[in-house]
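*Asks:* One structure, as structure tokens, below. Some questions next.
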Amino acid sequence: MDDQNPSSWVMKLLKWFCPEELYEGIIGDFMEQFDEEVKSLGLGRARRRFNRNVFRLLHPTILLRNKIKQFNYLPMGMYKSHFLVAYRSMMKHRFYSFINIFGLAMAVAFVFLSFLFINQELRYDAFHTNKSIYRLYSQIRATEDQKILSDASAIISIPLVPDLASQVPSIASHSRLASNSATVLLGDTPYDESVHFVDKDFLSMFSFPIVHGLHNALEDPNSVVISTEHAIKYFGETDAIGKSIEITLNDSTRTYLVKGVVENMEQVSSIPFNILVPFETFRMVVSERAMTTYNTASIEGYVVFENTDVTRGISPLLSSAIEKETSDDHSFLEVGIQNMSDIHLDPDVIGNAKYTDPQKLYIIGGLAMLVLLVAMINYITLSTSHTLKRMKEVGLRKTLGAFKSQIRVQLIIESFSLSILAGAIGVGLAFVITPYFSQLLDLQLSFALDWIALAFIVLLALAIALISGSIQSILIIKHKLVDALKGTIVLRKDSLLNQSLLVLQFSLSIMLIIGTLVVRTQMNYIQSKDLGYEQERLLEISMQNPADITSANNLLNRLRLELEKDARILGVSGSMNSFREPWTQFGFRQQDESVERVYFNKVEENYVKTMGIELVQGVDFDQNSENKGKILVNESLVKYFGWEDPLSEQIPGKYFTSSHQIIGVVKDFHYSTLHNKIEPLAISVDNEAILEGVTGLSTWVWPINMYTIELRVGPGDLGEIMNVVEAGWEVANPNQPFVYSFVDDVLAKNYEEESRWQKVTDSASAFSIIIAWLGLIGLTKLSMQKREKEIGIRKVLGSTVTNITTLLSRKFLILIIIANVVAWPLAWILSEKWLEDFTYRISLGPSLFLIGGVGVLLVALASVGYQSLRAAVSNPVDSLKCE
């Protein structure tokens, strides 16, 4: 009965792969064993044992013996011959093979490195297993005309997150995220650190690997979780769990127990941290009012929804849920959500998380494709130009019976072999260069050769082989057999295809070089531009979060008393904002409910003098009298409000209950980067000068206090001066670490991203011009060989070396001039697009384009001229003796 037989699909499988001459014997033995096992073991076990026996026979040797032999019509011997011919051709023409292989390998290496970089950027936050994590953002919208009054910002008020969590049932968990500088004391050793404040759900929401401890480690108000890096930094190789550390915030010190050690995934996480403490500790940093008001934005907030379905149309629900907390007749807070996976590459929401402009990924991808395109063009032009040498070989193959399709396949296989070899060498180059490329971009890229990269290399080689082989076959096969054997076929030396490809190749190279020059010139402009203050030999010293204004002033005065003993110390002052972070911005609601925004800095009386800022009108703060209610404003504020006599004006605001006095106007200076326009700014010594009129706030530091000391040092040995400053700090503030930075270093750090991309364009240009140069050398040499007899005849007839050199070089130089004409307009458009990101920028002039174009022209002239000269001075007898 069929019910007592093995499974039918297993029987069919055995018959499919088993060789016919063995099938009868094998199936007979299997069935005999099966019948015996049915009686002794039962039908189920017998079938399982039969299946196992069949699968044990499913071996590659059986398949190769049976099934693969069905494809014997494939002429494997011919393909083997093609690969052998390809190898011999490479060995015979080593020079051209080297240029093709090395040029293509360089391109593959650059593309591979670019792929590693882009892949790392796309991996940000992908390690979180929970895909329902969202970051909250808010913006103010007017109710009358629905006009947006502010940008979408992930910097939100402290009570927003818990209020939403209590009113929206679909929010399963939430956590706020804030940070502040602090002093960590381990024994007698102080460390200046950045501490992050989070809610208890933080570790369970996010998938940061917990090396030691539990997900609920932050439920204890006196617990701290540290990164593996800081665990080693503080405790070496010993177990950190249960150890205690002291953290000082605003002159208040608390002891915490280490309850967890986590991997912070710094290279692929938008949330960088090293020390996590419970969010309630944030009360040591901000006022009680800041913990409850919606007018102060200082944290980020993250929520997890029960499932992703509830997030559809959630924004209006969140906005209405919070509306009662921000009730206003004329505007309301609109709350939105941003998926965790979108944060790193989303330019529409401003926040504290790590961010990369997605356009830069497109740029580096485009640069990689440009370099690859240059290499492919180089390969194709050189290969097609080299086909003339193979006419007799092709004619002989036709005589021996080769079909056109077989010759076409031969050429494609030869190109494929060379491309695969170049790809393998390129991957090897990428492996060697990866550490240097990582150092260049200040990243930790790890070399990884996965199946996607391998597939890319194979597909690339196949594409090059098909294009190049097809073009070569078209050029060769169309000619008559007799002409090929006689060697009388002459391919047009001025081939439109080769000329067009050469122009395209050098146009791309020239564009890259001009782009590099534009980026470098803009960076030099940034470094040399007058910023409106003297940044040289200017230091910023962290005050380590003084508890209040009085503490800050006392520290500043003690330090000044110590340092003014040395004549090399030219000025000491203090301020709320530093150049390391965006400055505080106040919003003032007007009578018509519009909002005017003004940047603000709380300073000490010596600030303008110490900074070297020019006073263009009025007077500076008086160091010997009361400065209550007095402010300085910059020129941009005066222009913004259209004042003719600013010293008699007031900053407009609906909620000012008393007047303030503008005593002076300072010349505009750059307190932000050159990407941003200089905005209206008010500077005050008095805390309350304009604070009473504020209806909105955006700040990185709070409350209003002085957090930074500005120190101006004069000429002299900088090392000796810094020893004096550090000694003064130890006297003035012995319990806090001396943490400082030079302002020019801070400014350079602000442009790290631009500097990084400058290095990328430099690399792309270098790769491109080297590849193009190699191709030009190869083409020039081929051209000289093709015209060898012509050169000999011209010399016999009396042509001079100069005449021959000019004749041979002219064609290439004309093509490169055409390449310049093509490249310049495109380079202009792309450069203007990039410079749009800078409010203060260079003006594009002809000099950059001339330098780029003429530079390429000179390199080409040197290469072509040298080979032309060699051909011109050669003995004509050597080229004519065979005639």
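All residue names refer to the structure tokens as shown: chains lettered A, B, ... in order, residues numbered from 1 in each chain, ligands numbered from 1 in order.
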What's the 12 Å shell around Arg580 in chain A, counting only C-alpha atoms, without same-chain residues fewer than 3 positions away, as a PyMOL selection string?

*Replies:* chain A and resi 539-542+576-577+583+671-673+700-701+707-708+740-751

*Asks:* Which residues, written as a ChimeraX atom specification, have at least one atom at most 12 Å from Phe447 in chain A, with only C-alpha atoms counted and residues fewer than 2 positions away on the same chain left out?

*Replies:* /A:109,112-117,119-120,427-438,444-445,449-450,453

*Asks:* At a cut-off of 8 Å, using only C-alpha atoms, what residues contact Lys200 in chain A? Leave out same-chain residues fewer than 3 positions from it and give the result as a PyMOL selection string.

*Replies:* chain A and resi 175+203+216-219+278-279

*Asks:* Would you tabulate, counting only C-alpha atoms, all residues of range 520-565 of chain A that have an atom at most 12 Å from an atom of range 281-300 of chain A, showing the closest pair of atoms and their distance in Å to one decimal, sorted by chain then ascending number, as a Markdown table?

*Replies:*
```
| residue | atom | partner | partner_atom | distance |
| --- | --- | --- | --- | --- |
| A:Gln544 | CA | A:Val285 | CA | 11.5 |
| A:Asn545 | CA | A:Val285 | CA | 8.3 |
| A:Pro546 | CA | A:Val285 | CA | 9.8 |
| A:Ala547 | CA | A:Val285 | CA | 8.4 |
| A:Asp548 | CA | A:Val285 | CA | 10.5 |
```

*Asks:* Would you output that residue set with C-alpha atoms, as a CSV table (one decimal), in the first residue's frame?

*Replies:*
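Output file again_25.csv follows:
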```csv
chain,number,residue,atom,x,y,z
A,544,GLN,CA,32.8,74.3,36.8
A,545,ASN,CA,29.2,75.4,37.3
A,546,PRO,CA,29.3,77.9,40.2
A,547,ALA,CA,26.2,77.7,42.4
A,548,ASP,CA,25.1,81.4,41.8
```

*Asks:* Might you pull out every residue within 7 Å of range 649-661 of chain A, with only C-alpha atoms counted and same-chain residues fewer than 6 positions away left off, and present them as an mmCIF file with N, CA, C and O atoms, in the first residue's frame?

*Replies:*
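What ended up in part06.cif:
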```cif
data_model
loop_
_atom_site.group_PDB
_atom_site.id
_atom_site.type_symbol
_atom_site.label_atom_id
_atom_site.label_comp_id
_atom_site.auth_asym_id
_atom_site.auth_seq_id
_atom_site.Cartn_x
_atom_site.Cartn_y
_atom_site.Cartn_z
ATOM 1 N N PHE A 588 10.781 87.813 22.796
ATOM 2 C CA PHE A 588 9.977 88.880 23.392
ATOM 3 C C PHE A 588 8.674 89.003 22.593
ATOM 4 O O PHE A 588 8.701 89.378 21.407
ATOM 5 N N ARG A 589 7.550 88.693 23.244
ATOM 6 C CA ARG A 589 6.264 88.804 22.570
ATOM 7 C C ARG A 589 5.873 90.272 22.454
ATOM 8 O O ARG A 589 5.985 91.038 23.400
ATOM 9 N N GLN A 590 5.393 90.639 21.254
ATOM 10 C CA GLN A 590 5.034 92.021 20.985
ATOM 11 C C GLN A 590 3.528 92.239 21.180
ATOM 12 O O GLN A 590 2.774 91.299 21.431
ATOM 13 N N GLN A 591 3.107 93.469 21.035
ATOM 14 C CA GLN A 591 1.696 93.800 21.209
ATOM 15 C C GLN A 591 0.822 93.087 20.183
ATOM 16 O O GLN A 591 -0.330 92.745 20.478
ATOM 17 N N GLY A 629 20.369 97.515 35.054
ATOM 18 C CA GLY A 629 19.494 97.899 33.958
ATOM 19 C C GLY A 629 20.218 98.319 32.692
ATOM 20 O O GLY A 629 19.574 98.671 31.700
ATOM 21 N N LYS A 630 21.540 98.292 32.685
ATOM 22 C CA LYS A 630 22.296 98.767 31.524
ATOM 23 C C LYS A 630 22.644 97.585 30.604
ATOM 24 O O LYS A 630 22.998 96.498 31.077
ATOM 25 N N ILE A 631 22.556 97.835 29.299
ATOM 26 C CA ILE A 631 22.919 96.799 28.331
ATOM 27 C C ILE A 631 23.689 97.422 27.183
ATOM 28 O O ILE A 631 23.589 98.626 26.917
ATOM 29 N N ALA A 689 18.224 92.902 33.638
ATOM 30 C CA ALA A 689 18.101 94.052 32.736
ATOM 31 C C ALA A 689 16.974 93.867 31.720
ATOM 32 O O ALA A 689 16.179 94.776 31.502
ATOM 33 N N ILE A 690 16.920 92.721 31.072
ATOM 34 C CA ILE A 690 15.843 92.492 30.098
ATOM 35 C C ILE A 690 15.115 91.171 30.346
ATOM 36 O O ILE A 690 14.217 90.806 29.600
ATOM 37 N N GLU A 692 12.901 90.309 32.498
ATOM 38 C CA GLU A 692 11.486 90.380 32.846
ATOM 39 C C GLU A 692 10.578 90.370 31.614
ATOM 40 O O GLU A 692 9.411 89.996 31.695
ATOM 41 N N GLY A 693 11.108 90.780 30.460
ATOM 42 C CA GLY A 693 10.274 90.815 29.257
ATOM 43 C C GLY A 693 10.309 89.537 28.441
ATOM 44 O O GLY A 693 9.642 89.433 27.413
#
```

*Asks:* Compile the contact shell of range 368-372 of chain A as a PyMOL selection string: residues with an atom at most 7 Å away, counting only C-alpha atoms, same-chain residues fewer than 2 positions apart removed.

*Replies:* chain A and resi 107-108+110-111+114+364-366+374-376+508+764+767-768

*Asks:* Print the selection's residues with C-alpha atoms to a file, as a CSV table (one decimal), in the first residue's frame.

*Replies:*
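Dumped to selection_21.csv:
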```csv
chain,number,residue,atom,x,y,z
A,107,ALA,CA,39.0,53.7,-8.2
A,108,VAL,CA,37.7,50.5,-6.6
A,110,PHE,CA,38.2,54.8,-3.1
A,111,VAL,CA,34.7,53.5,-3.8
A,114,SER,CA,33.4,55.6,0.6
A,364,ILE,CA,30.9,61.5,-1.1
A,365,GLY,CA,28.8,58.9,-3.0
A,366,GLY,CA,28.9,61.2,-6.0
A,374,VAL,CA,37.0,58.4,-14.7
A,375,ALA,CA,38.7,55.1,-14.2
A,376,MET,CA,36.1,53.3,-16.4
A,508,LEU,CA,35.4,65.3,-14.4
A,764,ALA,CA,38.9,62.3,-4.6
A,767,PHE,CA,42.7,59.7,-7.1
A,768,SER,CA,41.0,61.2,-10.2
```

*Asks:* Just give me the gap between CA of Ala105 in chain A and CA of Ala461 in chain A in Å, one decimal is fine.

*Replies:* 11.0 Å

*Asks:* Please compute the CA of Gly855 in chain A-CA of Ala772 in chain A distance, one decimal, in Å.

*Replies:*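 Pair CA of Gly855 in chain A / CA of Ala772 in chain A returns 13.3 Å.
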